[in-house]
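Colleague: Just dropping this structure here.
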Amino acid sequence: MTLSVTALVVTYHTGPRLVECLYALKGDPDVSSIVIADNGNPPSTEAWLASFTASTPKAERITLPNPGFGAGVNAAAKFAASDYLLVINPDCVIKRGALPLLAAALEAAPSPAIAGGRIFDLQGREERGARRNTLTLARAVGLGRWTLEQDPPPPGPVRVGAVSGAFFLVRTDAFRQLGGFDEGYFIHAEDLDICRRALEAGGSVTYVPGAGALHYRSTSDVPSAFVTEHKARSLARYFRKFAKGPAERLMVALAVPFIGLALRLRG
């Protein structure tokens, strides 16, 4: 079966791992096109991207004024004419054969469906966040498990509450049905948001352990304080958005400042 997949890559001062990411996508027979959302890069990277797209017929680049990760994905998705969209971080290297497994999981699941794979580090260890329960305020403060990487690997695809925005596949029509990513998030939590909206719309989120990608993590030269600040804002937006009823909204209002403080102290 020949897949029709557009890989969406948002890059901002990513570093040298971007080269590995894009060459892996270029060489993957299941990737029919690549759209690079260039949110800003050093001149040397800009020159390399221009050369890469010029020599790669299935790749194109759009330049953006850094509207954030989710907005970058949404902008790139407008250029897709494929059946599927692959959202992949610029520091992730896809494992050959992953896409048919993700696509099969989507076709076996209620729509709107999202399927994410196993994200692993250089030692082959599963990274935190590839499979998660739905994030709730209770889980955020330690009352119940959120991430599931410490659980034994499942033998096959399993339904979960959320997968990572670093590496997931979605049908193009489902992505558009969901309205894409919520652009109110600059970075962080937009993946939790779209997974939760898929579930609340009667759809599904599936973790596929056989579909993998190497994730280098934190290759960008963006200051950590900047990232932490936006993560705190994104989590605040997420909890406020999904709070149900006056009591939960009050709990969120009380808890959000402490969650932000905890992130800053941990950073």
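We name chains A, B, ... following the order of the structure tokens; residues begin at 1 in each chain, and ligands are numbered from 1 as shown.
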Which residues of range 58-174 of chain A come within 6 Å of range 183-198 of chain A, and what is each one's closest atom pair and distance in Å (one decimal), counting only C-alpha atoms, sorted by chain and residue number, as a Markdown table?

Modeller:
| residue | atom | partner | partner_atom | distance |
| --- | --- | --- | --- | --- |
| A:Gly68 | CA | A:Phe186 | CA | 4.4 |
| A:Phe69 | CA | A:Ile187 | CA | 5.6 |
| A:Gly70 | CA | A:Glu183 | CA | 5.6 |
| A:Ala71 | CA | A:Glu183 | CA | 5.2 |
| A:Pro112 | CA | A:Ala198 | CA | 5.6 |
| A:Ala162 | CA | A:Cys195 | CA | 5.4 |
| A:Gly165 | CA | A:Asp191 | CA | 4.9 |

Colleague: Please produce a file of the residues just selected, as a PDB file, in the first residue's frame, where the atoms kept are all heavy atoms.

Modeller:
ATOM      1  N   GLY A  68       4.931  30.591  16.666  1.00  0.00           N
ATOM      2  CA  GLY A  68       4.837  29.491  17.619  1.00  0.00           C
ATOM      3  C   GLY A  68       4.775  28.160  16.899  1.00  0.00           C
ATOM      4  O   GLY A  68       4.603  28.091  15.673  1.00  0.00           O
ATOM      5  N   PHE A  69       4.909  27.084  17.691  1.00  0.00           N
ATOM      6  CA  PHE A  69       4.958  25.742  17.098  1.00  0.00           C
ATOM      7  C   PHE A  69       3.637  25.356  16.441  1.00  0.00           C
ATOM      8  O   PHE A  69       3.591  24.981  15.268  1.00  0.00           O
ATOM      9  CB  PHE A  69       5.334  24.712  18.163  1.00  0.00           C
ATOM     10  CG  PHE A  69       5.284  23.290  17.660  1.00  0.00           C
ATOM     11  CD1 PHE A  69       6.299  22.792  16.869  1.00  0.00           C
ATOM     12  CD2 PHE A  69       4.214  22.461  17.973  1.00  0.00           C
ATOM     13  CE1 PHE A  69       6.256  21.478  16.386  1.00  0.00           C
ATOM     14  CE2 PHE A  69       4.164  21.152  17.498  1.00  0.00           C
ATOM     15  CZ  PHE A  69       5.181  20.667  16.707  1.00  0.00           C
ATOM     16  N   GLY A  70       2.543  25.436  17.185  1.00  0.00           N
ATOM     17  CA  GLY A  70       1.251  25.017  16.653  1.00  0.00           C
ATOM     18  C   GLY A  70       0.838  25.824  15.440  1.00  0.00           C
ATOM     19  O   GLY A  70       0.331  25.277  14.450  1.00  0.00           O
ATOM     20  N   ALA A  71       1.045  27.133  15.498  1.00  0.00           N
ATOM     21  CA  ALA A  71       0.711  27.982  14.359  1.00  0.00           C
ATOM     22  C   ALA A  71       1.577  27.650  13.159  1.00  0.00           C
ATOM     23  O   ALA A  71       1.122  27.708  12.008  1.00  0.00           O
ATOM     24  CB  ALA A  71       0.868  29.451  14.745  1.00  0.00           C
ATOM     25  N   PRO A 112     -12.311  11.624  15.100  1.00  0.00           N
ATOM     26  CA  PRO A 112     -10.958  12.018  14.692  1.00  0.00           C
ATOM     27  C   PRO A 112      -9.897  11.275  15.496  1.00  0.00           C
ATOM     28  O   PRO A 112      -9.965  11.233  16.726  1.00  0.00           O
ATOM     29  CB  PRO A 112     -10.918  13.519  14.959  1.00  0.00           C
ATOM     30  CG  PRO A 112     -11.951  13.753  16.014  1.00  0.00           C
ATOM     31  CD  PRO A 112     -13.012  12.748  15.765  1.00  0.00           C
ATOM     32  N   ALA A 162      -3.033  10.768  25.629  1.00  0.00           N
ATOM     33  CA  ALA A 162      -2.289  11.740  24.826  1.00  0.00           C
ATOM     34  C   ALA A 162      -0.988  11.116  24.338  1.00  0.00           C
ATOM     35  O   ALA A 162      -0.423  10.243  24.998  1.00  0.00           O
ATOM     36  CB  ALA A 162      -1.980  13.005  25.627  1.00  0.00           C
ATOM     37  N   GLY A 165       3.511  15.644  20.696  1.00  0.00           N
ATOM     38  CA  GLY A 165       3.516  16.433  19.472  1.00  0.00           C
ATOM     39  C   GLY A 165       4.821  16.356  18.719  1.00  0.00           C
ATOM     40  O   GLY A 165       4.934  16.902  17.613  1.00  0.00           O
TER      41      GLY A 165
END

Colleague: Which of range 37-208 of chain A counts as strand (DSSP E) under DSSP, as a VMD selection string please?

Modeller: chain A and resid 37 to 38 59 to 63 84 to 88 92 to 94 113 to 120 131 to 132 158 to 159 162 to 163 167 to 171 204 to 208

Colleague: Distance CA of Ala24 in chain A-CA of Cys92 in chain A, one decimal place?

Modeller: 9.3 Å

Colleague: So the first atom is CA of Leu64 in chain A and the second is CA of Ala37 in chain A; what is the distance between them in Å, to one decimal place?

Modeller: 6.8 Å

Colleague: Considering only C-alpha atoms, can you say which of A:Ala81, A:Ile88, A:Leu3, A:Leu122 comes closest to Tyr216 in chain A?

Modeller: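 Closest to Tyr216 in chain A of all the choices is A:Leu122.
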
Colleague: Using DSSP on the backbone, list every residue of range 23-240 of chain A that comes out as helix (DSSP H, G or I), and give them as a compact mmCIF listing (two decimals) with N, CA and C atoms, in the first residue's frame.

Modeller:
# COMPACT_ATOMS: atom_id res chain seq x y z
N TYR A 23 16.81 14.59 6.11
CA TYR A 23 17.31 13.54 5.23
C TYR A 23 16.59 12.21 5.48
N ALA A 24 16.23 11.94 6.74
CA ALA A 24 15.47 10.72 7.03
C ALA A 24 14.10 10.78 6.37
N LEU A 25 13.46 11.95 6.42
CA LEU A 25 12.15 12.11 5.77
C LEU A 25 12.29 12.02 4.25
N LYS A 26 13.34 12.63 3.72
CA LYS A 26 13.57 12.58 2.28
C LYS A 26 13.73 11.15 1.79
N GLY A 27 14.43 10.33 2.56
CA GLY A 27 14.70 8.96 2.16
C GLY A 27 13.60 7.97 2.48
N PRO A 43 21.79 32.37 9.44
CA PRO A 43 22.02 32.43 7.98
C PRO A 43 22.56 31.12 7.39
N SER A 44 23.43 30.44 8.11
CA SER A 44 23.98 29.19 7.59
C SER A 44 22.89 28.13 7.42
N THR A 45 21.97 28.06 8.38
CA THR A 45 20.87 27.11 8.29
C THR A 45 19.90 27.51 7.17
N GLU A 46 19.64 28.80 7.04
CA GLU A 46 18.78 29.28 5.97
C GLU A 46 19.35 28.89 4.61
N ALA A 47 20.65 29.03 4.46
CA ALA A 47 21.29 28.67 3.19
C ALA A 47 21.18 27.17 2.94
N TRP A 48 21.39 26.37 3.99
CA TRP A 48 21.29 24.92 3.82
C TRP A 48 19.85 24.52 3.47
N LEU A 49 18.86 25.13 4.11
CA LEU A 49 17.46 24.82 3.80
C LEU A 49 17.12 25.17 2.35
N ALA A 50 17.63 26.29 1.89
CA ALA A 50 17.39 26.67 0.50
C ALA A 50 17.99 25.64 -0.46
N SER A 51 19.19 25.15 -0.14
CA SER A 51 19.83 24.14 -0.97
C SER A 51 19.07 22.82 -0.91
N PHE A 52 18.64 22.45 0.31
CA PHE A 52 17.92 21.18 0.48
C PHE A 52 16.63 21.17 -0.32
N THR A 53 15.83 22.22 -0.20
CA THR A 53 14.55 22.26 -0.91
C THR A 53 14.76 22.34 -2.42
N ALA A 54 15.81 23.03 -2.85
CA ALA A 54 16.08 23.12 -4.29
C ALA A 54 16.44 21.77 -4.89
N SER A 55 17.07 20.91 -4.10
CA SER A 55 17.51 19.60 -4.59
C SER A 55 16.56 18.47 -4.21
N PHE A 69 4.91 27.08 17.69
CA PHE A 69 4.96 25.74 17.10
C PHE A 69 3.64 25.36 16.44
N GLY A 70 2.54 25.44 17.19
CA GLY A 70 1.25 25.02 16.65
C GLY A 70 0.84 25.82 15.44
N ALA A 71 1.05 27.13 15.50
CA ALA A 71 0.71 27.98 14.36
C ALA A 71 1.58 27.65 13.16
N GLY A 72 2.84 27.28 13.41
CA GLY A 72 3.71 26.87 12.32
C GLY A 72 3.23 25.59 11.66
N VAL A 73 2.79 24.62 12.47
CA VAL A 73 2.24 23.38 11.92
C VAL A 73 0.99 23.68 11.10
N ASN A 74 0.11 24.50 11.63
CA ASN A 74 -1.12 24.84 10.92
C ASN A 74 -0.83 25.50 9.58
N ALA A 75 0.14 26.41 9.57
CA ALA A 75 0.49 27.09 8.32
C ALA A 75 1.04 26.09 7.30
N ALA A 76 1.90 25.18 7.75
CA ALA A 76 2.47 24.17 6.86
C ALA A 76 1.39 23.22 6.34
N ALA A 77 0.42 22.88 7.19
CA ALA A 77 -0.62 21.93 6.81
C ALA A 77 -1.49 22.46 5.67
N ALA A 98 7.83 3.17 10.07
CA ALA A 98 6.94 3.63 11.13
C ALA A 98 5.57 4.06 10.60
N LEU A 99 5.56 4.70 9.44
CA LEU A 99 4.32 5.31 8.97
C LEU A 99 3.21 4.31 8.63
N PRO A 100 3.48 3.18 7.99
CA PRO A 100 2.40 2.22 7.76
C PRO A 100 1.77 1.71 9.07
N LEU A 101 2.58 1.57 10.11
CA LEU A 101 2.04 1.12 11.40
C LEU A 101 1.13 2.19 12.00
N LEU A 102 1.54 3.44 11.92
CA LEU A 102 0.70 4.52 12.45
C LEU A 102 -0.58 4.65 11.64
N ALA A 103 -0.47 4.55 10.33
CA ALA A 103 -1.66 4.66 9.47
C ALA A 103 -2.64 3.53 9.74
N ALA A 104 -2.14 2.31 9.95
CA ALA A 104 -3.02 1.18 10.25
C ALA A 104 -3.75 1.40 11.56
N ALA A 105 -3.06 1.97 12.54
CA ALA A 105 -3.71 2.26 13.83
C ALA A 105 -4.82 3.30 13.66
N LEU A 106 -4.59 4.29 12.82
CA LEU A 106 -5.62 5.30 12.58
C LEU A 106 -6.86 4.69 11.94
N GLU A 107 -6.65 3.83 10.97
CA GLU A 107 -7.79 3.26 10.26
C GLU A 107 -8.60 2.32 11.14
N LEU A 137 -5.92 18.40 36.39
CA LEU A 137 -5.29 19.16 37.47
C LEU A 137 -4.83 18.22 38.58
N ALA A 138 -5.63 17.20 38.88
CA ALA A 138 -5.25 16.25 39.93
C ALA A 138 -3.94 15.54 39.57
N ARG A 139 -3.82 15.10 38.33
CA ARG A 139 -2.58 14.43 37.92
C ARG A 139 -1.40 15.39 37.92
N ALA A 140 -1.66 16.65 37.59
CA ALA A 140 -0.58 17.64 37.56
C ALA A 140 0.03 17.85 38.93
N THR A 172 -5.51 13.99 7.33
CA THR A 172 -5.61 15.42 7.02
C THR A 172 -7.01 15.95 7.28
N ASP A 173 -8.03 15.17 6.92
CA ASP A 173 -9.39 15.64 7.14
C ASP A 173 -9.73 15.71 8.62
N ALA A 174 -9.18 14.81 9.43
CA ALA A 174 -9.41 14.84 10.88
C ALA A 174 -8.73 16.05 11.50
N PHE A 175 -7.51 16.34 11.05
CA PHE A 175 -6.79 17.51 11.56
C PHE A 175 -7.58 18.79 11.28
N ARG A 176 -8.11 18.87 10.08
CA ARG A 176 -8.90 20.06 9.72
C ARG A 176 -10.24 20.08 10.45
N GLN A 177 -10.82 18.91 10.67
CA GLN A 177 -12.06 18.84 11.46
C GLN A 177 -11.85 19.38 12.86
N GLU A 190 0.21 22.20 23.38
CA GLU A 190 -0.68 22.15 22.22
C GLU A 190 -0.98 20.72 21.82
N ASP A 191 -0.04 19.79 22.09
CA ASP A 191 -0.30 18.38 21.79
C ASP A 191 -1.32 17.79 22.76
N LEU A 192 -1.21 18.15 24.03
CA LEU A 192 -2.20 17.69 25.01
C LEU A 192 -3.59 18.20 24.64
N ASP A 193 -3.63 19.44 24.18
CA ASP A 193 -4.89 20.07 23.81
C ASP A 193 -5.56 19.36 22.64
N ILE A 194 -4.82 19.10 21.56
CA ILE A 194 -5.45 18.50 20.39
C ILE A 194 -5.86 17.05 20.66
N CYS A 195 -5.07 16.34 21.48
CA CYS A 195 -5.45 14.98 21.86
C CYS A 195 -6.75 14.99 22.68
N ARG A 196 -6.84 15.92 23.61
CA ARG A 196 -8.05 15.98 24.44
C ARG A 196 -9.26 16.36 23.60
N ARG A 197 -9.10 17.29 22.66
CA ARG A 197 -10.22 17.66 21.81
C ARG A 197 -10.65 16.50 20.91
N ALA A 198 -9.69 15.70 20.46
CA ALA A 198 -10.04 14.52 19.66
C ALA A 198 -10.89 13.55 20.48
N LEU A 199 -10.49 13.32 21.72
CA LEU A 199 -11.25 12.42 22.59
C LEU A 199 -12.63 12.97 22.90
N GLU A 200 -12.71 14.27 23.18
CA GLU A 200 -14.00 14.87 23.52
C GLU A 200 -14.93 14.93 22.31
N SER A 224 16.60 28.61 28.12
CA SER A 224 15.69 27.74 28.87
C SER A 224 14.65 28.54 29.64
N ALA A 225 15.01 29.74 30.11
CA ALA A 225 14.05 30.56 30.85
C ALA A 225 12.88 30.96 29.96
N PHE A 226 13.16 31.22 28.69
CA PHE A 226 12.10 31.55 27.73
C PHE A 226 11.15 30.38 27.56
N VAL A 227 11.71 29.18 27.42
CA VAL A 227 10.90 27.97 27.24
C VAL A 227 10.06 27.71 28.49
N THR A 228 10.66 27.83 29.67
CA THR A 228 9.94 27.59 30.92
C THR A 228 8.78 28.55 31.09
N GLU A 229 9.01 29.81 30.76
CA GLU A 229 7.94 30.81 30.88
C GLU A 229 6.76 30.47 29.97
N HIS A 230 7.05 30.06 28.75
CA HIS A 230 5.96 29.71 27.83
C HIS A 230 5.28 28.40 28.24
N LYS A 231 6.04 27.48 28.81
CA LYS A 231 5.43 26.24 29.28
C LYS A 231 4.44 26.53 30.40
N ALA A 232 4.80 27.41 31.31
CA ALA A 232 3.89 27.79 32.40
C ALA A 232 2.63 28.44 31.84
N ARG A 233 2.78 29.34 30.87
CA ARG A 233 1.62 29.99 30.27
C ARG A 233 0.73 28.98 29.55
N SER A 234 1.36 28.03 28.87
CA SER A 234 0.59 27.04 28.12
C SER A 234 -0.21 26.13 29.04
N LEU A 235 0.42 25.69 30.13
CA LEU A 235 -0.30 24.85 31.08
C LEU A 235 -1.46 25.61 31.72
N ALA A 236 -1.25 26.88 32.01
CA ALA A 236 -2.34 27.69 32.56
C ALA A 236 -3.49 27.77 31.57
N ARG A 237 -3.17 27.99 30.30
CA ARG A 237 -4.22 28.05 29.27
C ARG A 237 -4.95 26.72 29.17
N TYR A 238 -4.21 25.63 29.19
CA TYR A 238 -4.81 24.30 29.08
C TYR A 238 -5.79 24.03 30.21
N PHE A 239 -5.37 24.27 31.44
CA PHE A 239 -6.24 23.97 32.58
C PHE A 239 -7.47 24.87 32.60
N ARG A 240 -7.29 26.13 32.25
CA ARG A 240 -8.45 27.04 32.20
C ARG A 240 -9.42 26.62 31.10

Colleague: Quick one: of A:Pro153, A:Pro67, A:Pro57, A:Gly202, who's nearest to Ser32 in chain A, counting only C-alpha atoms?

Modeller: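 The shortest atom-to-atom distance to Ser32 in chain A comes from A:Pro57.
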
Colleague: Using only C-alpha atoms, which residues sit within 7 Å of range 156-159 of chain A once same-chain residues fewer than 2 positions away are excluded, as a VMD selection string?

Modeller: chain A and resid 105 154 205 to 209

Colleague: Quick one: residues within 6 Å of Leu214 in chain A, only C-alpha atoms counted, chain neighbours fewer than 3 positions away excluded, as number ranges by chain?

Modeller: A: 92-93, 119-121

Colleague: Set the distance at 12 Å and use only C-alpha atoms: which residues neighbour Arg128 in chain A once local chain neighbours fewer than 6 positions away are removed? I'd like the list as a PyMOL selection string.

Modeller: chain A and resi 118-121+146-151+162-164+166+215+217

Colleague: Check the smallest atom-to-atom distance from each of A:Asn39, A:Thr2, A:Ser33, A:Gln123 to Pro90 in chain A using only C-alpha atoms, then report the winner.

Modeller: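 Residue with the minimum atom-to-atom distance to Pro90 in chain A: A:Asn39.
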
Colleague: Have a look at A:Leu135, A:Ile62, A:Cys21, A:Val160 and name the one nearest to Ile36 in chain A; count only C-alpha atoms.

Modeller: A:Ile62

Colleague: Which one is closest to Asn133 in chain A: A:Arg145, A:Phe79, A:Gly40, A:Ser4? Count only C-alpha atoms.

Modeller: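 Looking at the shortest contact to Asn133 in chain A, the residue is A:Arg145.
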